[in-house]
Amino acid sequence: MIQVNEMIIRVPGMAEEEARMLGMAVAQHLKERMPGNVEDRFIRVINVQLNSTIDQGRDQLASQITDQIMQQLRV
């Protein structure tokens with residue numbers, strides 16, 4: 001099971017509501033891609049940095065963020 005207690009997304013030039021929608025898209029991507037056999041563990045912080053533009057679209061940004069999170073979780 002994965003539980004995200006807090007997600008802070010800062011994207012220069014992105015409005016607060018759009019960032020909220022991006023966070024929801026990332027959560028959905030994680031839900032879809034997370035294997036079912038992941039052991040419970042506490043991870044205090046995961047930092048993700050992208051060299052992307054908001055012109056790429058929410059789904060593509062969400063996918064890139066999810067990729068980095070998955071790499072850091074090593075799943």
# chains A, B, ... in the order shown; residues from 1 in each chain; ligands from 1

$ residues_around --residues "Ala25 (chain A)" --least-positions-apart "2" --cutoff "9 Å" --atoms "only C-alpha atoms" --output "PyMOL selection string"
chain A and resi 20-23+27-30+58-59+62-63

$ write_last_selection --atoms "C-alpha atoms" --output "PDB file, in the first residue's frame"
ATOM      1  CA  ARG A  20      -3.139  20.741  -7.476  1.00  0.00           C
ATOM      2  CA  MET A  21      -4.406  18.905 -10.557  1.00  0.00           C
ATOM      3  CA  LEU A  22      -0.830  17.870 -11.390  1.00  0.00           C
ATOM      4  CA  GLY A  23      -0.472  16.437  -7.881  1.00  0.00           C
ATOM      5  CA  ALA A  27      -1.076  10.253  -7.311  1.00  0.00           C
ATOM      6  CA  GLN A  28      -3.157   8.474  -9.966  1.00  0.00           C
ATOM      7  CA  HIS A  29      -0.032   7.460 -11.921  1.00  0.00           C
ATOM      8  CA  LEU A  30       1.517   6.085  -8.722  1.00  0.00           C
ATOM      9  CA  ARG A  58      -0.066  17.869 -17.166  1.00  0.00           C
ATOM     10  CA  ASP A  59      -0.079  14.165 -18.025  1.00  0.00           C
ATOM     11  CA  ALA A  62       2.911  13.734 -14.038  1.00  0.00           C
ATOM     12  CA  SER A  63       4.490  10.788 -15.821  1.00  0.00           C
TER      13      SER A  63
END

$ closest_atom_pairs --of "region 15-58 of chain A" --to "region 5-8 of chain A" --cutoff "10 Å" --atoms "only C-alpha atoms" --output "CSV"
residue,atom,partner,partner_atom,distance
A:Ala19,CA,A:Ile8,CA,8.9
A:Arg20,CA,A:Ile8,CA,9.0
A:Gly23,CA,A:Met7,CA,7.0
A:Met24,CA,A:Met7,CA,9.5
A:Val26,CA,A:Met7,CA,9.6
A:Ala27,CA,A:Met7,CA,9.2
A:Arg44,CA,A:Asn5,CA,9.9
A:Val45,CA,A:Met7,CA,9.7
A:Ile46,CA,A:Met7,CA,9.6
A:Asn47,CA,A:Ile8,CA,9.8

$ write_last_selection --atoms "N, CA and C atoms" --output "PDB file, in the first residue's frame"
ATOM      1  N   ALA A  19      -1.372  23.198 -10.366  1.00  0.00           N
ATOM      2  CA  ALA A  19      -0.426  22.395  -9.590  1.00  0.00           C
ATOM      3  C   ALA A  19      -1.172  21.345  -8.759  1.00  0.00           C
ATOM      4  N   ARG A  20      -2.323  21.700  -8.233  1.00  0.00           N
ATOM      5  CA  ARG A  20      -3.139  20.741  -7.476  1.00  0.00           C
ATOM      6  C   ARG A  20      -3.583  19.592  -8.389  1.00  0.00           C
ATOM      7  N   GLY A  23      -0.668  17.324  -9.022  1.00  0.00           N
ATOM      8  CA  GLY A  23      -0.472  16.437  -7.881  1.00  0.00           C
ATOM      9  C   GLY A  23      -1.445  15.272  -7.899  1.00  0.00           C
ATOM     10  N   MET A  24      -2.678  15.526  -8.246  1.00  0.00           N
ATOM     11  CA  MET A  24      -3.676  14.459  -8.328  1.00  0.00           C
ATOM     12  C   MET A  24      -3.327  13.486  -9.454  1.00  0.00           C
ATOM     13  N   VAL A  26      -0.265  12.854 -10.523  1.00  0.00           N
ATOM     14  CA  VAL A  26       0.879  12.065 -10.037  1.00  0.00           C
ATOM     15  C   VAL A  26       0.377  10.949  -9.122  1.00  0.00           C
ATOM     16  N   ALA A  27      -0.520  11.265  -8.220  1.00  0.00           N
ATOM     17  CA  ALA A  27      -1.076  10.253  -7.311  1.00  0.00           C
ATOM     18  C   ALA A  27      -1.755   9.127  -8.100  1.00  0.00           C
ATOM     19  N   ARG A  44      10.600   9.623   4.493  1.00  0.00           N
ATOM     20  CA  ARG A  44      10.340  10.988   4.958  1.00  0.00           C
ATOM     21  C   ARG A  44      10.196  11.972   3.810  1.00  0.00           C
ATOM     22  N   VAL A  45      11.146  11.965   2.889  1.00  0.00           N
ATOM     23  CA  VAL A  45      11.159  12.958   1.818  1.00  0.00           C
ATOM     24  C   VAL A  45      11.656  12.319   0.527  1.00  0.00           C
ATOM     25  N   ILE A  46      11.018  12.675  -0.566  1.00  0.00           N
ATOM     26  CA  ILE A  46      11.516  12.373  -1.904  1.00  0.00           C
ATOM     27  C   ILE A  46      11.526  13.696  -2.652  1.00  0.00           C
ATOM     28  N   ASN A  47      12.686  14.075  -3.138  1.00  0.00           N
ATOM     29  CA  ASN A  47      12.802  15.303  -3.911  1.00  0.00           C
ATOM     30  C   ASN A  47      12.887  14.953  -5.391  1.00  0.00           C
TER      31      ASN A  47
END

$ select_by_dssp --residues "chain A" --states "alpha helix (DSSP H)" --output "PyMOL selection string"
chain A and resi 16-33+58-73

$ write_last_selection --atoms "N, CA and C atoms" --output "compact mmCIF listing (two decimals), in the first residue's frame"
# COMPACT_ATOMS: atom_id res chain seq x y z
N GLU A 16 -1.87 27.77 -8.94
CA GLU A 16 -2.08 26.87 -7.80
C GLU A 16 -3.04 25.73 -8.14
N GLU A 17 -4.13 26.03 -8.79
CA GLU A 17 -5.11 24.99 -9.12
C GLU A 17 -4.53 23.98 -10.11
N GLU A 18 -3.77 24.45 -11.08
CA GLU A 18 -3.14 23.55 -12.04
C GLU A 18 -2.13 22.64 -11.32
N ALA A 19 -1.37 23.20 -10.37
CA ALA A 19 -0.43 22.40 -9.59
C ALA A 19 -1.17 21.34 -8.76
N ARG A 20 -2.32 21.70 -8.23
CA ARG A 20 -3.14 20.74 -7.48
C ARG A 20 -3.58 19.59 -8.39
N MET A 21 -3.99 19.93 -9.60
CA MET A 21 -4.41 18.90 -10.56
C MET A 21 -3.22 18.03 -10.97
N LEU A 22 -2.03 18.64 -11.08
CA LEU A 22 -0.83 17.87 -11.39
C LEU A 22 -0.55 16.88 -10.26
N GLY A 23 -0.67 17.32 -9.02
CA GLY A 23 -0.47 16.44 -7.88
C GLY A 23 -1.44 15.27 -7.90
N MET A 24 -2.68 15.53 -8.25
CA MET A 24 -3.68 14.46 -8.33
C MET A 24 -3.33 13.49 -9.45
N ALA A 25 -2.81 14.02 -10.57
CA ALA A 25 -2.40 13.16 -11.68
C ALA A 25 -1.22 12.28 -11.27
N VAL A 26 -0.27 12.85 -10.52
CA VAL A 26 0.88 12.06 -10.04
C VAL A 26 0.38 10.95 -9.12
N ALA A 27 -0.52 11.26 -8.22
CA ALA A 27 -1.08 10.25 -7.31
C ALA A 27 -1.76 9.13 -8.10
N GLN A 28 -2.48 9.48 -9.14
CA GLN A 28 -3.16 8.47 -9.97
C GLN A 28 -2.13 7.61 -10.70
N HIS A 29 -1.09 8.22 -11.25
CA HIS A 29 -0.03 7.46 -11.92
C HIS A 29 0.63 6.49 -10.94
N LEU A 30 0.91 6.96 -9.72
CA LEU A 30 1.52 6.09 -8.72
C LEU A 30 0.60 4.91 -8.40
N LYS A 31 -0.67 5.20 -8.25
CA LYS A 31 -1.64 4.15 -7.94
C LYS A 31 -1.65 3.08 -9.04
N GLU A 32 -1.59 3.52 -10.28
CA GLU A 32 -1.64 2.59 -11.41
C GLU A 32 -0.35 1.80 -11.58
N ARG A 33 0.78 2.39 -11.24
CA ARG A 33 2.07 1.77 -11.51
C ARG A 33 2.70 1.04 -10.34
N ARG A 58 0.02 18.43 -18.51
CA ARG A 58 -0.07 17.87 -17.17
C ARG A 58 0.26 16.38 -17.14
N ASP A 59 -0.28 15.61 -18.08
CA ASP A 59 -0.08 14.16 -18.03
C ASP A 59 1.38 13.80 -18.24
N GLN A 60 2.05 14.48 -19.14
CA GLN A 60 3.46 14.19 -19.39
C GLN A 60 4.31 14.58 -18.18
N LEU A 61 4.04 15.74 -17.58
CA LEU A 61 4.75 16.13 -16.36
C LEU A 61 4.51 15.13 -15.24
N ALA A 62 3.25 14.72 -15.08
CA ALA A 62 2.91 13.73 -14.04
C ALA A 62 3.66 12.43 -14.26
N SER A 63 3.78 12.01 -15.49
CA SER A 63 4.49 10.79 -15.82
C SER A 63 5.98 10.91 -15.49
N GLN A 64 6.58 12.05 -15.80
CA GLN A 64 8.00 12.26 -15.50
C GLN A 64 8.24 12.30 -13.99
N ILE A 65 7.36 12.94 -13.26
CA ILE A 65 7.48 12.99 -11.80
C ILE A 65 7.33 11.59 -11.22
N THR A 66 6.35 10.84 -11.71
CA THR A 66 6.13 9.47 -11.26
C THR A 66 7.34 8.60 -11.54
N ASP A 67 7.93 8.75 -12.72
CA ASP A 67 9.13 7.97 -13.06
C ASP A 67 10.22 8.19 -12.02
N GLN A 68 10.46 9.44 -11.66
CA GLN A 68 11.51 9.73 -10.69
C GLN A 68 11.17 9.18 -9.30
N ILE A 69 9.91 9.29 -8.91
CA ILE A 69 9.51 8.74 -7.61
C ILE A 69 9.71 7.23 -7.60
N MET A 70 9.30 6.56 -8.66
CA MET A 70 9.45 5.11 -8.74
C MET A 70 10.92 4.71 -8.69
N GLN A 71 11.79 5.46 -9.33
CA GLN A 71 13.22 5.17 -9.30
C GLN A 71 13.75 5.30 -7.88
N GLN A 72 13.33 6.35 -7.18
CA GLN A 72 13.82 6.55 -5.83
C GLN A 72 13.27 5.51 -4.86
N LEU A 73 12.08 5.02 -5.13
CA LEU A 73 11.50 3.97 -4.29
C LEU A 73 12.09 2.61 -4.65

$ atom_distance --atom1 "CA of Arg41 (chain A)" --atom2 "CA of Arg74 (chain A)"
12.4 Å

$ atom_distance --atom1 "CA of Asp55 (chain A)" --atom2 "CA of Arg10 (chain A)"
15.1 Å

$ atom_distance --atom1 "CA of Gln49 (chain A)" --atom2 "CA of Val11 (chain A)"
10.0 Å

$ closest_residue --among "A:Asn51, A:Gln3, A:Gln56, A:Pro12" --to "Val38 (chain A)" --atoms "only C-alpha atoms"
A:Gln3
